[in-house]
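**Student:** my_file-v6.txt (compact mmCIF, C-alpha atoms) pasted underneath:
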```
# COMPACT_ATOMS: atom_id res chain seq x y z
CA MET A 5 -26.09 -44.80 48.59
CA PRO A 6 -27.27 -41.50 47.11
CA LYS A 7 -25.50 -38.22 47.70
CA GLU A 8 -26.53 -36.30 50.80
CA VAL A 9 -30.01 -35.03 50.11
CA SER A 10 -29.19 -31.52 51.27
CA ASP A 11 -27.01 -31.24 48.17
CA ASP A 12 -30.08 -31.52 45.93
CA PRO A 13 -32.14 -28.30 45.81
CA ARG A 14 -35.24 -30.25 44.74
CA PHE A 15 -35.58 -31.58 48.28
CA ILE A 16 -35.17 -28.36 50.28
CA ALA A 17 -38.93 -27.93 50.85
CA ILE A 18 -39.26 -31.59 51.82
CA ASN A 19 -36.51 -31.30 54.42
CA GLU A 20 -38.14 -28.17 55.80
CA ARG A 21 -41.57 -29.81 56.00
CA ILE A 22 -40.22 -32.75 57.97
CA LEU A 23 -38.34 -30.49 60.38
CA GLN A 24 -41.48 -28.41 60.85
CA ALA A 25 -43.48 -31.53 61.69
CA ILE A 26 -40.92 -32.42 64.36
CA ALA A 27 -41.10 -28.87 65.73
CA ASP A 28 -44.91 -29.21 65.82
CA SER A 29 -44.60 -32.47 67.83
CA VAL A 30 -46.11 -34.63 65.09
CA PHE A 31 -43.32 -37.14 65.89
CA PRO A 32 -39.91 -36.86 67.59
CA GLY A 33 -37.92 -38.34 64.72
CA CYS A 34 -38.16 -40.39 61.54
CA GLN A 35 -36.45 -42.13 58.64
CA VAL A 36 -37.45 -41.39 55.06
CA LEU A 37 -36.42 -43.33 51.96
CA VAL A 38 -37.64 -42.79 48.41
CA ALA A 39 -36.53 -44.73 45.36
CA GLN A 40 -37.43 -44.46 41.69
CA ASN A 41 -36.63 -47.02 39.01
CA GLY A 42 -34.82 -49.10 41.61
CA GLU A 43 -32.44 -46.29 42.62
CA ILE A 44 -32.52 -44.68 46.07
CA ILE A 45 -32.77 -40.93 45.56
CA PHE A 46 -33.59 -39.79 49.11
CA HIS A 47 -32.51 -41.53 52.32
CA LYS A 48 -32.24 -39.55 55.50
CA ALA A 49 -32.93 -39.63 59.23
CA PHE A 50 -34.39 -36.69 61.14
CA GLY A 51 -34.96 -35.75 64.76
CA THR A 52 -34.31 -37.72 67.92
CA HIS A 53 -35.34 -41.03 69.50
CA THR A 54 -37.87 -39.32 71.80
CA TYR A 55 -38.68 -35.76 72.81
CA GLU A 56 -36.72 -36.24 76.05
CA ASP A 57 -33.86 -38.30 74.59
CA THR A 58 -31.68 -36.14 72.36
CA THR A 59 -30.02 -39.13 70.67
CA PRO A 60 -30.24 -38.40 66.92
CA VAL A 61 -32.07 -40.94 64.77
CA ARG A 62 -29.60 -42.89 62.63
CA LEU A 63 -30.26 -44.76 59.42
CA THR A 64 -29.33 -48.01 61.17
CA ASP A 65 -31.87 -47.52 63.98
CA ILE A 66 -34.96 -49.69 63.85
CA TYR A 67 -38.61 -48.83 64.37
CA ASP A 68 -41.67 -50.83 65.36
CA ALA A 69 -43.19 -51.19 61.89
CA ALA A 70 -46.61 -52.07 63.40
CA SER A 71 -49.09 -53.18 60.71
CA ILE A 72 -46.48 -53.03 57.97
CA SER A 73 -45.78 -56.49 59.43
CA LYS A 74 -48.94 -57.63 57.66
CA ILE A 75 -47.30 -57.24 54.26
CA ALA A 76 -43.56 -57.33 55.00
CA ALA A 77 -43.84 -60.66 56.83
CA THR A 78 -47.24 -62.40 56.86
CA THR A 79 -48.43 -61.67 53.33
CA ILE A 80 -45.13 -62.36 51.57
CA ALA A 81 -44.95 -65.66 53.46
CA LEU A 82 -48.44 -66.54 52.23
CA MET A 83 -47.49 -65.52 48.69
CA LYS A 84 -44.64 -68.02 48.66
CA LEU A 85 -46.89 -70.72 50.09
CA TYR A 86 -49.50 -69.87 47.45
CA ASP A 87 -46.82 -70.31 44.78
CA GLU A 88 -46.17 -73.76 46.18
CA GLY A 89 -49.84 -74.68 45.82
CA ARG A 90 -50.43 -74.98 49.57
CA PHE A 91 -53.77 -73.15 49.44
CA LYS A 92 -56.23 -71.29 47.22
CA LEU A 93 -57.69 -67.88 48.01
CA ASP A 94 -61.21 -69.29 48.06
CA ASP A 95 -60.36 -72.12 50.44
CA ARG A 96 -62.26 -71.99 53.70
CA LEU A 97 -59.76 -71.01 56.36
CA SER A 98 -61.10 -73.78 58.58
CA ARG A 99 -59.85 -76.31 56.01
CA HIS A 100 -56.31 -75.46 57.11
CA LEU A 101 -57.06 -74.37 60.70
CA PRO A 102 -59.19 -77.16 62.17
CA PHE A 103 -59.75 -75.26 65.42
CA LEU A 104 -62.11 -72.97 63.46
CA ARG A 105 -64.41 -75.83 62.54
CA ASN A 106 -67.75 -75.78 64.35
CA THR A 107 -67.28 -72.07 65.15
CA ASN A 108 -68.89 -68.97 63.66
CA LYS A 109 -65.72 -68.64 61.55
CA SER A 110 -65.92 -72.03 59.85
CA SER A 111 -67.10 -70.71 56.48
CA MET A 112 -64.94 -67.62 55.99
CA THR A 113 -62.47 -67.82 53.13
CA ILE A 114 -58.82 -66.80 52.98
CA ARG A 115 -59.73 -64.24 50.31
CA GLN A 116 -62.27 -62.61 52.65
CA VAL A 117 -59.81 -62.50 55.53
CA LEU A 118 -56.97 -61.02 53.44
CA ALA A 119 -59.30 -58.31 52.12
CA HIS A 120 -60.70 -57.58 55.60
CA GLN A 121 -64.18 -58.62 54.54
CA ALA A 122 -64.76 -61.68 56.72
CA ARG A 123 -67.06 -59.96 59.24
CA LEU A 124 -64.29 -60.04 61.84
CA ARG A 125 -64.20 -57.39 64.53
CA PRO A 126 -61.23 -55.01 64.45
CA SER A 127 -59.56 -56.44 67.55
CA VAL A 128 -60.02 -58.16 70.87
CA VAL A 129 -59.66 -56.20 74.07
CA THR A 130 -56.48 -57.00 75.99
CA HIS A 131 -57.03 -56.67 79.72
CA ARG A 132 -54.32 -56.72 82.32
CA GLN A 133 -55.26 -59.70 84.45
CA ASP A 134 -52.75 -59.93 87.29
CA THR A 135 -53.01 -63.72 87.36
CA LEU A 136 -51.52 -63.78 83.84
CA PHE A 137 -48.52 -61.54 84.59
CA SER A 138 -45.47 -61.40 86.81
CA THR A 139 -42.63 -58.96 87.42
CA GLU A 140 -40.22 -61.91 87.50
CA ARG A 141 -39.37 -64.58 84.94
CA CYS A 142 -40.24 -67.76 86.78
CA GLY A 143 -42.18 -70.96 86.23
CA VAL A 144 -44.88 -70.49 83.61
CA PHE A 145 -44.13 -66.76 83.39
CA SER A 146 -41.65 -67.14 80.55
CA ILE A 147 -42.90 -64.68 77.90
CA GLN A 148 -41.40 -61.22 78.25
CA VAL A 149 -43.75 -58.41 77.16
CA ALA A 150 -41.74 -55.45 78.53
CA ASN A 151 -38.83 -54.64 80.78
CA GLY A 152 -39.33 -56.64 83.98
CA PHE A 153 -42.81 -57.75 82.90
CA TYR A 154 -43.68 -61.33 81.93
CA THR A 155 -46.75 -63.29 80.96
CA SER A 156 -47.55 -66.98 80.92
CA THR A 157 -48.54 -69.48 78.29
CA ALA A 158 -52.07 -69.11 79.64
CA ALA A 159 -52.08 -65.66 78.04
CA LEU A 160 -51.42 -67.23 74.64
CA ASP A 161 -54.39 -69.52 75.15
CA SER A 162 -56.49 -66.55 76.27
CA VAL A 163 -55.71 -64.55 73.12
CA ARG A 164 -56.46 -67.49 70.84
CA ARG A 165 -59.68 -68.27 72.68
CA ASN A 166 -60.80 -64.63 72.47
CA VAL A 167 -60.18 -64.58 68.72
CA ILE A 168 -61.95 -67.88 68.10
CA THR A 169 -65.01 -67.01 70.19
CA SER A 170 -65.32 -63.37 69.13
CA PRO A 171 -68.74 -62.48 67.64
CA LEU A 172 -68.99 -61.54 63.97
CA LEU A 173 -70.15 -58.25 62.55
CA SER A 174 -73.67 -58.21 61.13
CA ARG A 175 -72.69 -57.12 57.60
CA ARG A 176 -70.12 -58.54 55.21
CA GLU A 177 -68.28 -55.42 54.12
CA PHE A 178 -64.77 -54.02 54.40
CA ARG A 179 -63.81 -53.62 58.06
CA TYR A 180 -60.16 -53.51 58.97
CA SER A 181 -59.32 -56.30 61.42
CA ASP A 182 -56.22 -57.45 63.27
CA LEU A 183 -58.04 -60.68 64.15
CA GLY A 184 -57.85 -61.88 60.57
CA PHE A 185 -54.10 -61.46 60.48
CA PHE A 186 -53.68 -63.25 63.76
CA LEU A 187 -55.30 -66.15 61.91
CA MET A 188 -53.06 -65.58 58.87
CA GLY A 189 -50.02 -65.97 61.10
CA GLU A 190 -51.50 -69.25 62.31
CA LEU A 191 -52.06 -70.23 58.68
CA VAL A 192 -48.38 -69.75 57.84
CA TYR A 193 -47.47 -72.13 60.65
CA ALA A 194 -50.13 -74.67 59.66
CA LEU A 195 -49.00 -74.74 56.02
CA SER A 196 -45.24 -74.60 56.53
CA GLY A 197 -44.64 -76.19 59.92
CA LYS A 198 -42.57 -73.13 60.88
CA PRO A 199 -43.51 -70.17 63.09
CA LEU A 200 -43.97 -66.97 61.10
CA ASP A 201 -40.77 -65.32 62.30
CA GLU A 202 -38.65 -68.36 61.45
CA TYR A 203 -40.30 -68.78 58.05
CA VAL A 204 -39.71 -65.21 56.84
CA GLU A 205 -36.18 -65.16 58.27
CA GLU A 206 -35.28 -68.32 56.33
CA TYR A 207 -36.98 -67.59 53.02
CA PHE A 208 -36.89 -63.79 52.80
CA PHE A 209 -34.94 -61.75 55.33
CA ARG A 210 -31.67 -63.70 55.27
CA PRO A 211 -31.59 -64.31 51.49
CA LEU A 212 -32.46 -60.66 50.84
CA GLY A 213 -29.52 -59.60 53.01
CA LEU A 214 -31.65 -57.68 55.52
CA ARG A 215 -29.50 -56.73 58.50
CA HIS A 216 -31.92 -54.58 60.48
CA THR A 217 -35.18 -56.53 60.41
CA ALA A 218 -36.49 -58.92 63.04
CA PHE A 219 -39.26 -59.89 65.39
CA ARG A 220 -38.27 -59.71 69.10
CA PRO A 221 -35.48 -57.21 68.31
CA THR A 222 -33.81 -57.21 71.74
CA GLU A 223 -32.53 -60.70 70.98
CA ARG A 224 -30.40 -59.30 68.13
CA PHE A 225 -29.94 -55.55 68.57
CA PRO A 226 -28.77 -53.29 71.39
CA LEU A 227 -31.51 -51.20 72.99
CA SER A 228 -29.70 -48.06 71.84
CA GLN A 229 -30.51 -49.03 68.23
CA ILE A 230 -34.25 -49.54 68.84
CA ILE A 231 -36.57 -46.52 68.81
CA PRO A 232 -38.94 -46.37 71.84
CA THR A 233 -42.69 -46.12 71.28
CA GLU A 234 -45.50 -45.28 73.71
CA TYR A 235 -45.42 -44.82 77.45
CA ASP A 236 -47.97 -47.52 78.17
CA SER A 237 -49.75 -46.42 81.34
CA VAL A 238 -52.59 -48.95 81.03
CA PHE A 239 -51.08 -52.35 80.26
CA ARG A 240 -47.35 -52.38 81.00
CA GLY A 241 -46.88 -49.25 83.12
CA GLN A 242 -43.67 -48.15 81.41
CA LEU A 243 -42.11 -46.80 78.24
CA VAL A 244 -42.34 -49.57 75.63
CA HIS A 245 -38.79 -49.90 74.36
CA GLY A 246 -37.57 -52.93 72.45
CA PHE A 247 -40.92 -54.71 72.65
CA VAL A 248 -43.84 -54.62 70.25
CA HIS A 249 -46.23 -51.76 70.86
CA ASP A 250 -49.36 -53.83 70.17
CA PRO A 251 -50.33 -55.33 73.57
CA THR A 252 -52.06 -58.38 72.10
CA VAL A 253 -49.03 -59.31 70.00
CA ALA A 254 -46.85 -58.69 73.06
CA MET A 255 -48.87 -61.39 74.84
CA LEU A 256 -48.14 -63.69 71.91
CA GLY A 257 -44.43 -63.33 72.63
CA GLY A 258 -43.79 -60.50 70.16
CA VAL A 259 -44.61 -62.41 66.98
CA GLY A 260 -48.00 -62.01 65.33
CA GLY A 261 -49.49 -62.03 61.89
CA SER A 262 -50.71 -58.48 62.46
CA ALA A 263 -47.67 -56.81 64.10
CA GLY A 264 -44.33 -57.38 65.77
CA LEU A 265 -41.83 -56.65 62.99
CA PHE A 266 -39.07 -54.10 63.63
CA SER A 267 -37.06 -52.71 60.73
CA ASN A 268 -35.39 -49.68 59.21
CA ALA A 269 -36.21 -47.81 56.02
CA GLU A 270 -33.48 -49.42 53.92
CA ASP A 271 -34.57 -53.00 54.66
CA LEU A 272 -38.24 -52.23 54.04
CA PHE A 273 -37.24 -50.67 50.74
CA VAL A 274 -35.65 -53.99 49.72
CA ILE A 275 -38.89 -55.87 50.46
CA MET A 276 -41.05 -53.35 48.60
CA GLN A 277 -38.64 -53.16 45.66
CA MET A 278 -38.68 -56.96 45.43
CA LEU A 279 -42.46 -56.78 45.11
CA LEU A 280 -42.24 -53.89 42.65
CA ASN A 281 -39.88 -56.05 40.58
CA GLY A 282 -42.55 -58.74 40.38
CA GLY A 283 -41.05 -60.92 43.10
CA GLU A 284 -37.37 -60.70 42.13
CA PHE A 285 -34.44 -58.88 43.71
CA ALA A 286 -30.72 -58.86 42.86
CA GLY A 287 -31.13 -61.70 40.41
CA LYS A 288 -32.98 -64.05 42.78
CA ARG A 289 -36.68 -64.86 42.52
CA TYR A 290 -38.68 -65.04 45.74
CA ILE A 291 -42.28 -64.99 44.51
CA SER A 292 -43.71 -65.55 41.04
CA GLU A 293 -44.73 -62.50 39.06
CA GLN A 294 -48.25 -63.92 38.64
CA THR A 295 -48.69 -64.21 42.43
CA VAL A 296 -47.42 -60.66 43.02
CA ASP A 297 -49.90 -59.38 40.42
CA LEU A 298 -52.75 -61.35 42.02
CA PHE A 299 -52.10 -60.31 45.62
CA THR A 300 -51.47 -56.63 44.86
CA GLN A 301 -54.69 -56.08 42.91
CA ARG A 302 -58.20 -55.71 44.31
CA ILE A 303 -59.57 -59.18 44.98
CA ILE A 304 -63.22 -58.50 45.92
CA ARG A 305 -65.55 -56.32 43.89
CA GLY A 306 -66.43 -53.13 45.75
CA ASN A 307 -63.54 -53.54 48.19
CA HIS A 308 -60.42 -51.41 47.70
CA ARG A 309 -58.04 -53.88 49.37
CA GLY A 310 -55.71 -56.38 47.77
CA ALA A 311 -54.77 -59.71 49.33
CA GLY A 312 -53.16 -58.31 52.46
CA PHE A 313 -52.17 -55.06 50.78
CA ASP A 314 -53.82 -51.67 51.04
CA LYS A 315 -54.50 -49.97 47.73
CA ALA A 316 -54.90 -46.38 46.59
CA ARG A 317 -58.54 -45.36 47.02
CA ILE A 318 -59.05 -43.46 43.79
CA ASP A 319 -62.79 -43.13 44.46
CA ASP A 320 -62.31 -41.77 48.00
CA ARG A 321 -59.19 -39.62 48.22
CA ASP A 322 -60.14 -38.28 51.67
CA ARG A 323 -59.81 -41.77 53.13
CA CYS A 324 -56.86 -42.87 51.01
CA LEU A 325 -53.70 -43.51 53.01
CA ALA A 326 -51.43 -42.88 50.02
CA ALA A 327 -50.61 -39.71 48.10
CA PRO A 328 -53.29 -38.35 45.75
CA SER A 329 -50.92 -38.96 42.83
CA ALA A 330 -50.35 -42.64 43.68
CA SER A 331 -51.56 -44.76 40.79
CA PRO A 332 -54.47 -47.23 41.05
CA ARG A 333 -51.95 -50.07 40.77
CA SER A 334 -49.98 -48.91 43.79
CA PHE A 335 -49.98 -50.91 47.01
CA GLY A 336 -48.54 -50.92 50.51
CA HIS A 337 -49.52 -50.54 54.14
CA THR A 338 -49.44 -48.10 57.02
CA GLY A 339 -48.70 -48.75 60.68
CA PHE A 340 -50.32 -47.39 63.84
CA THR A 341 -46.96 -46.28 65.27
CA GLY A 342 -46.62 -43.77 62.40
CA THR A 343 -45.20 -45.76 59.51
CA ILE A 344 -45.88 -46.44 55.84
CA ALA A 345 -44.33 -48.59 53.09
CA TRP A 346 -45.72 -48.03 49.58
CA ALA A 347 -44.83 -49.10 46.04
CA ASP A 348 -46.19 -47.74 42.76
CA PRO A 349 -45.65 -49.90 39.65
CA GLU A 350 -46.83 -47.23 37.20
CA ASN A 351 -44.41 -44.60 38.49
CA GLN A 352 -41.75 -47.08 39.69
CA ILE A 353 -41.62 -45.35 43.08
CA VAL A 354 -41.03 -46.83 46.53
CA PHE A 355 -41.82 -44.63 49.53
CA ILE A 356 -40.83 -45.58 53.08
CA PHE A 357 -41.54 -43.45 56.14
CA LEU A 358 -40.89 -44.65 59.70
CA SER A 359 -41.64 -42.72 62.87
CA ASN A 360 -42.75 -43.21 66.46
CA ARG A 361 -45.62 -40.74 66.42
CA VAL A 362 -47.12 -42.63 69.42
CA ASN A 363 -44.30 -41.35 71.62
CA PRO A 364 -44.99 -40.51 74.32
CA SER A 365 -48.72 -41.20 73.85
CA VAL A 366 -51.15 -42.60 71.31
CA ALA A 367 -53.33 -39.61 72.14
CA ASN A 368 -51.25 -37.51 69.71
CA PRO A 369 -53.62 -36.90 66.76
CA ARG A 370 -51.40 -34.60 64.69
CA MET A 371 -50.21 -37.09 62.06
CA ARG A 372 -53.79 -38.10 61.27
CA GLU A 373 -55.13 -34.55 61.40
CA GLN A 374 -52.40 -33.21 59.13
CA ARG A 375 -52.46 -36.29 56.87
CA PHE A 376 -48.71 -35.92 57.08
CA ARG A 377 -47.70 -39.19 55.42
CA GLN A 378 -49.95 -38.51 52.43
CA GLU A 379 -48.68 -34.93 52.15
CA LEU A 380 -45.03 -35.94 52.33
CA MET A 381 -45.51 -38.67 49.73
CA GLU A 382 -47.26 -36.20 47.44
CA MET A 383 -44.36 -33.77 47.78
CA PHE A 384 -42.06 -36.46 46.42
CA TYR A 385 -44.43 -37.18 43.54
CA ASP A 386 -44.34 -33.46 42.70
CA VAL A 387 -40.56 -33.39 42.75
CA LEU A 388 -40.15 -36.58 40.76
CA SER A 389 -42.52 -35.37 38.06
CA GLU A 390 -40.06 -32.59 37.28
CA PRO A 391 -36.68 -33.03 35.58
CA PRO A 392 -33.60 -32.56 37.85
CA ALA A 393 -32.24 -29.02 38.00
```
Written as structure tokens, that's how I'd like the structure from this file.
**Tutor:**
Amino acid sequence: MPKEVSDDPRFIAINERILQAIADSVFPGCQVLVAQNGEIIFHKAFGTHTYEDTTPVRLTDIYDAASISKIAATTIALMKLYDEGRFKLDDRLSRHLPFLRNTNKSSMTIRQVLAHQARLRPSVVTHRQDTLFSTERCGVFSIQVANGFYTSTAALDSVRRNVITSPLLSRREFRYSDLGFFLMGELVYALSGKPLDEYVEEYFFRPLGLRHTAFRPTERFPLSQIIPTEYDSVFRGQLVHGFVHDPTVAMLGGVGGSAGLFSNAEDLFVIMQMLLNGGEFAGKRYISEQTVDLFTQRIIRGNHRGAGFDKARIDDRDRCLAAPSASPRSFGHTGFTGTIAWADPENQIVFIFLSNRVNPSVANPRMREQRFRQELMEMFYDVLSEPPA
């Protein structure tokens, strides 16, 4: 581990900016990790679990990574399966998922879905239908979605049916969609015979030595180690703590191709550094270098996305989710709960930021308005471009 960051005068302004953001109620607490050339140079926790709970955030606490799940679980699983020759990017998805045949989604390709250019709508609306939920675990109500709140297998069927029957957008252009990654999670199962969470645990998380990463975290970690997210007044009627924030993925039992992963900054660094190393970490190869190169570059002309990965938008800095100084080769993903994991091959930088900016409410716009994640990342680029004092 690096020396305490407060000992390094280069990071004084960064520490102050993070503390100011907490004081401004951008988020109650966070973890930040930055590495360069494979060495962690900044790793620190700030703030508290919530504004009301004064428990300090620890480096071993875990956050709902939200859409970082798309790359830190679903996409790396697909990359390994691609290495094994299980599919091609231009395969029709319906070739591997027969339930899409004879639907409006029969012709979309895996490439289009991974680049969010398959005409899929952003999401399906999750309604609270009382017939699908119970306050007791009994009979068919076996899927826990929150404390004292359960759903039935009929909810799983409802989500799948809503995805399959959802109308398509009129134009084929980039449009971010969770629906596509629901289908990518299904693809992992179809190709491997293992549910997504079991597949990544067996082939990535356990071999990489990750100790603080899991779907359905309450099965492995005490609640005191899990950072709460939103007070969900619409769907679950309580503070979401230990369960995935995304209500649709909650109905899937906490495991989805689009969300559900909980982790800490150190474990996400390992995943991103493995990718930055071309698929290798600590002497073990997980993905071929050719596949890492393919998936982390733009895969459709005119679309800034990679295969599952977000990319720096050099031509549209105002909409870019990375720092202005991030290179065109850089890649990563953000999460709705207030998270980002990013890797830059040209500068050999990994940047991890985890927060629960949705606590207590998703109505908090400050992180987006301040472009805080981009600003903080840029501050590190500025520091790292200068020689140490």
**Student:** In terms of the shortest atom-to-atom distance over all atoms listed in the file, which of A:Met255, A:Ile75, A:Val387, A:Ser170 is closest to A:Pro13?
**Tutor:**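 Residue with the minimum atom-to-atom distance to A:Pro13: A:Val387.
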**Student:** Have a look at A:Ala159, A:Ala327, A:Val149, A:Ala27 and name the one nearest to A:Leu380; count only C-alpha atoms.
**Tutor:** A:Ala327
**Student:** Using only C-alpha atoms, which residue out of A:Ile303, A:Ala69, A:Ile16, A:Cys142 lies closest to A:Gln116?
**Tutor:**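 Smallest distance to A:Gln116 is found for A:Ile303.
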**Student:** To one decimal place in Å, what is the distance between atom CA of A:Ala263 and atom CA of A:Arg96?
**Tutor:**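 It comes out at 23.5 Å.
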**Student:** What does the structure give for the distance between atom CA of A:Arg305 and atom CA of A:Gly282, in Å to one decimal?
**Tutor:**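 For atom CA of A:Arg305 relative to atom CA of A:Gly282, the distance reads 23.4 Å.
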